[in-house]
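Student: One structure is given below, represented as structure tokens, and several questions about it will come after.
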Amino acid sequence: MNTDIPLPAHRWPSLEPGWVWLCGAGPGDPGLLTLHAVNALRQADVVIYDALVQEDILAWAPQAEHIYAGKRGGKPSAKQRDISLRLVDLARAGKRVLRLKGGDPFVFGRGGEEAQTLVQHGIPIRIIPGISAGIGGLAYAGIPVTHRDVNQSVTFVTGHDQSGNTPGSLDWASISKGSQVIVIYMGMKHIATIADQLIRAGRSLHEPVAVVTTATTEHQQVLETTLGTIVADIDAAKLEPPAIICVGQSVLMRQVLDWQGMAAGEAPRNLDPLGRGRPAESA
């Protein structure tokens, strides 16, 4: 066990030989790991990690073998079946296995599939949630996914299905009408189609949209745009995945809540971006 990383006093669970812990590594910033994740890193014999897991996080498990199992759109990737069965094989070999996934393993992370495979093969598991990029990544951009003056619902969708295409099962008309704020994972490749579907479903061409790439890391970029101009603006900004896309009026709150910009000395652009005409505390 690596004991270089101190943990506060607590009855921390032990990662036993033959077990697999499926753990969320958060959206990027190592500081967003949970203490349970740090505890897992201290104990693992093997860490099987995804493409978005930062090297700084892996460095917290120097005693472990590190195995890359990243899946990136448009690039050669390990097959999901092979990843799942490798977890089974490692556990059966008596290893303490940590499956480290970006964000939260159960939010568009195939964690449910891997966990089910392990259980079907008689492998004991533990699930360690992580901060999902659709919440944490937007928070780092100064965008709250919920705000009482904006929305009473938020919908999280994926921008592609198992085949890599825009999910045909999504009812964009219902999503558009039923949710004031929409958060799209893995949507860069098909953003033209997605924006068109939302506009056809009744969303305004002028609706605010934010694109946050490489969220919570030092390479984070944030593009504020609209549904009508998002395709051209992404192209002009030369943005690349991974990205979280947020559609809705809550994007305007970045004008007053860009805390990273303010930490760098920038003044808020608009103290009342929703135009409510009253102090926030009077809400």
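Residues in the structure tokens are numbered from 1 in each chain, the chains being A, B, ... in the order shown, and ligands are numbered from 1 in the order shown.
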Residues within 10 Å of Gly31 in chain A, please, as a ChimeraX atom specification. Count only C-alpha atoms; anything in the same chain fewer than 5 positions from it doesn't count.
Tutor: /A:25-26,57,216
Student: For range 114-166 of chain A against range 35-41 of chain A, with a cut-off of 12 Å and counting only C-alpha atoms, what is the closest atom pair and its distance in Å to one decimal for every residue that makes the cut, ordered by chain and number, as JSON lines?
Tutor:
{"residue": "A:Arg126", "atom": "CA", "partner": "A:Ala40", "partner_atom": "CA", "distance": 10.3}
{"residue": "A:Ile127", "atom": "CA", "partner": "A:His36", "partner_atom": "CA", "distance": 9.9}
{"residue": "A:Ile128", "atom": "CA", "partner": "A:Ala37", "partner_atom": "CA", "distance": 6.9}
{"residue": "A:Pro129", "atom": "CA", "partner": "A:Ala37", "partner_atom": "CA", "distance": 8.6}
{"residue": "A:Gly130", "atom": "CA", "partner": "A:Ala37", "partner_atom": "CA", "distance": 8.4}
{"residue": "A:Ile131", "atom": "CA", "partner": "A:Ala37", "partner_atom": "CA", "distance": 11.3}
Student: Which polymer residues have any atom within 10 Å of an atom of Met188 in chain A, counting only C-alpha atoms, with same-chain residues fewer than 2 positions away left out, as a ChimeraX atom specification?
Tutor: /A:159-160,184-186,190-192,194,211,213,231,234,239-245
Student: Neighbouring residues of Ala59 in chain A were defined as those with any atom within 12 Å, considering only C-alpha atoms; residues of the same chain fewer than 4 positions away were excluded. Please report them as an MDAnalysis selection string.
Tutor: chainID A and resid 2 4:5 30 38 41:42 47 53:55 63:66
Student: Kindly export the residues of the current selection with N, CA, C and O atoms, as a PDB file, in the first residue's frame.
Tutor:
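Below is the file out03.pdb, written as the result:
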ATOM      1  N   ASN A   2       0.515   2.234  -0.814  1.00  0.00           N
ATOM      2  CA  ASN A   2       1.206   3.513  -0.827  1.00  0.00           C
ATOM      3  C   ASN A   2       0.648   4.383   0.295  1.00  0.00           C
ATOM      4  O   ASN A   2      -0.533   4.700   0.321  1.00  0.00           O
ATOM      5  N   ASP A   4       2.086   7.389   1.127  1.00  0.00           N
ATOM      6  CA  ASP A   4       2.643   8.736   0.978  1.00  0.00           C
ATOM      7  C   ASP A   4       1.568   9.811   1.009  1.00  0.00           C
ATOM      8  O   ASP A   4       1.855  10.975   1.257  1.00  0.00           O
ATOM      9  N   ILE A   5       0.331   9.427   0.723  1.00  0.00           N
ATOM     10  CA  ILE A   5      -0.767  10.394   0.696  1.00  0.00           C
ATOM     11  C   ILE A   5      -1.560  10.244   1.986  1.00  0.00           C
ATOM     12  O   ILE A   5      -2.301   9.274   2.158  1.00  0.00           O
ATOM     13  N   PRO A  30      -7.044  17.171 -10.464  1.00  0.00           N
ATOM     14  CA  PRO A  30      -6.848  16.128  -9.453  1.00  0.00           C
ATOM     15  C   PRO A  30      -7.472  16.476  -8.109  1.00  0.00           C
ATOM     16  O   PRO A  30      -7.829  15.581  -7.340  1.00  0.00           O
ATOM     17  N   VAL A  38      -8.828   8.590  -3.536  1.00  0.00           N
ATOM     18  CA  VAL A  38      -7.441   8.626  -3.074  1.00  0.00           C
ATOM     19  C   VAL A  38      -7.110   7.353  -2.294  1.00  0.00           C
ATOM     20  O   VAL A  38      -6.039   6.755  -2.466  1.00  0.00           O
ATOM     21  N   LEU A  41      -6.490   4.600  -4.761  1.00  0.00           N
ATOM     22  CA  LEU A  41      -5.198   4.746  -5.429  1.00  0.00           C
ATOM     23  C   LEU A  41      -4.063   4.262  -4.536  1.00  0.00           C
ATOM     24  O   LEU A  41      -3.076   3.691  -5.017  1.00  0.00           O
ATOM     25  N   ARG A  42      -4.178   4.490  -3.254  1.00  0.00           N
ATOM     26  CA  ARG A  42      -3.140   4.063  -2.300  1.00  0.00           C
ATOM     27  C   ARG A  42      -2.983   2.544  -2.253  1.00  0.00           C
ATOM     28  O   ARG A  42      -1.903   2.036  -1.959  1.00  0.00           O
ATOM     29  N   VAL A  47      -4.027  -0.222 -11.900  1.00  0.00           N
ATOM     30  CA  VAL A  47      -4.963   0.853 -12.231  1.00  0.00           C
ATOM     31  C   VAL A  47      -5.206   0.816 -13.734  1.00  0.00           C
ATOM     32  O   VAL A  47      -4.276   1.005 -14.527  1.00  0.00           O
ATOM     33  N   VAL A  53      -8.033  10.695 -17.743  1.00  0.00           N
ATOM     34  CA  VAL A  53      -7.453  10.690 -16.399  1.00  0.00           C
ATOM     35  C   VAL A  53      -6.069  11.340 -16.449  1.00  0.00           C
ATOM     36  O   VAL A  53      -5.215  10.951 -17.248  1.00  0.00           O
ATOM     37  N   GLN A  54      -5.851  12.343 -15.608  1.00  0.00           N
ATOM     38  CA  GLN A  54      -4.615  13.113 -15.622  1.00  0.00           C
ATOM     39  C   GLN A  54      -3.432  12.304 -15.061  1.00  0.00           C
ATOM     40  O   GLN A  54      -3.582  11.489 -14.155  1.00  0.00           O
ATOM     41  N   GLU A  55      -2.256  12.574 -15.621  1.00  0.00           N
ATOM     42  CA  GLU A  55      -1.044  11.894 -15.163  1.00  0.00           C
ATOM     43  C   GLU A  55      -0.785  12.169 -13.679  1.00  0.00           C
ATOM     44  O   GLU A  55      -0.265  11.310 -12.962  1.00  0.00           O
ATOM     45  N   GLN A  63       2.897   2.514  -6.685  1.00  0.00           N
ATOM     46  CA  GLN A  63       3.099   1.088  -6.422  1.00  0.00           C
ATOM     47  C   GLN A  63       2.358   0.203  -7.419  1.00  0.00           C
ATOM     48  O   GLN A  63       2.600  -0.998  -7.501  1.00  0.00           O
ATOM     49  N   ALA A  64       1.443   0.788  -8.187  1.00  0.00           N
ATOM     50  CA  ALA A  64       0.558   0.005  -9.042  1.00  0.00           C
ATOM     51  C   ALA A  64       1.046  -0.046 -10.482  1.00  0.00           C
ATOM     52  O   ALA A  64       1.748   0.854 -10.963  1.00  0.00           O
ATOM     53  N   GLU A  65       0.639  -1.093 -11.174  1.00  0.00           N
ATOM     54  CA  GLU A  65       0.813  -1.151 -12.629  1.00  0.00           C
ATOM     55  C   GLU A  65      -0.266  -0.289 -13.261  1.00  0.00           C
ATOM     56  O   GLU A  65      -1.439  -0.377 -12.892  1.00  0.00           O
ATOM     57  N   HIS A  66       0.098   0.541 -14.217  1.00  0.00           N
ATOM     58  CA  HIS A  66      -0.849   1.431 -14.888  1.00  0.00           C
ATOM     59  C   HIS A  66      -1.131   0.892 -16.293  1.00  0.00           C
ATOM     60  O   HIS A  66      -0.207   0.733 -17.094  1.00  0.00           O
TER      61      HIS A  66
END
Student: Using DSSP on the backbone, list every residue of range 20-198 of chain A that comes out as alpha helix (DSSP H), and give them as a ChimeraX atom specification.
Tutor: /A:35-43,55-58,80-92,111-120,133-140,172-178,191-198
Student: Considering only strand (DSSP E) as DSSP defines it on the backbone, what residues of range 20-63 of chain A qualify? List them as a compact mmCIF listing (two decimals) with C-alpha atoms, in the first residue's frame.
Tutor:
# COMPACT_ATOMS: atom_id res chain seq x y z
CA VAL A 20 -12.50 -4.42 -8.60
CA TRP A 21 -13.36 -0.89 -7.58
CA LEU A 22 -14.92 1.25 -10.31
CA CYS A 23 -14.02 4.81 -9.49
CA GLY A 24 -14.75 8.24 -10.94
CA VAL A 46 -3.35 -2.36 -10.98
CA VAL A 47 -4.96 0.85 -12.23
CA ILE A 48 -6.81 0.59 -15.54
CA TYR A 49 -7.47 4.16 -16.59
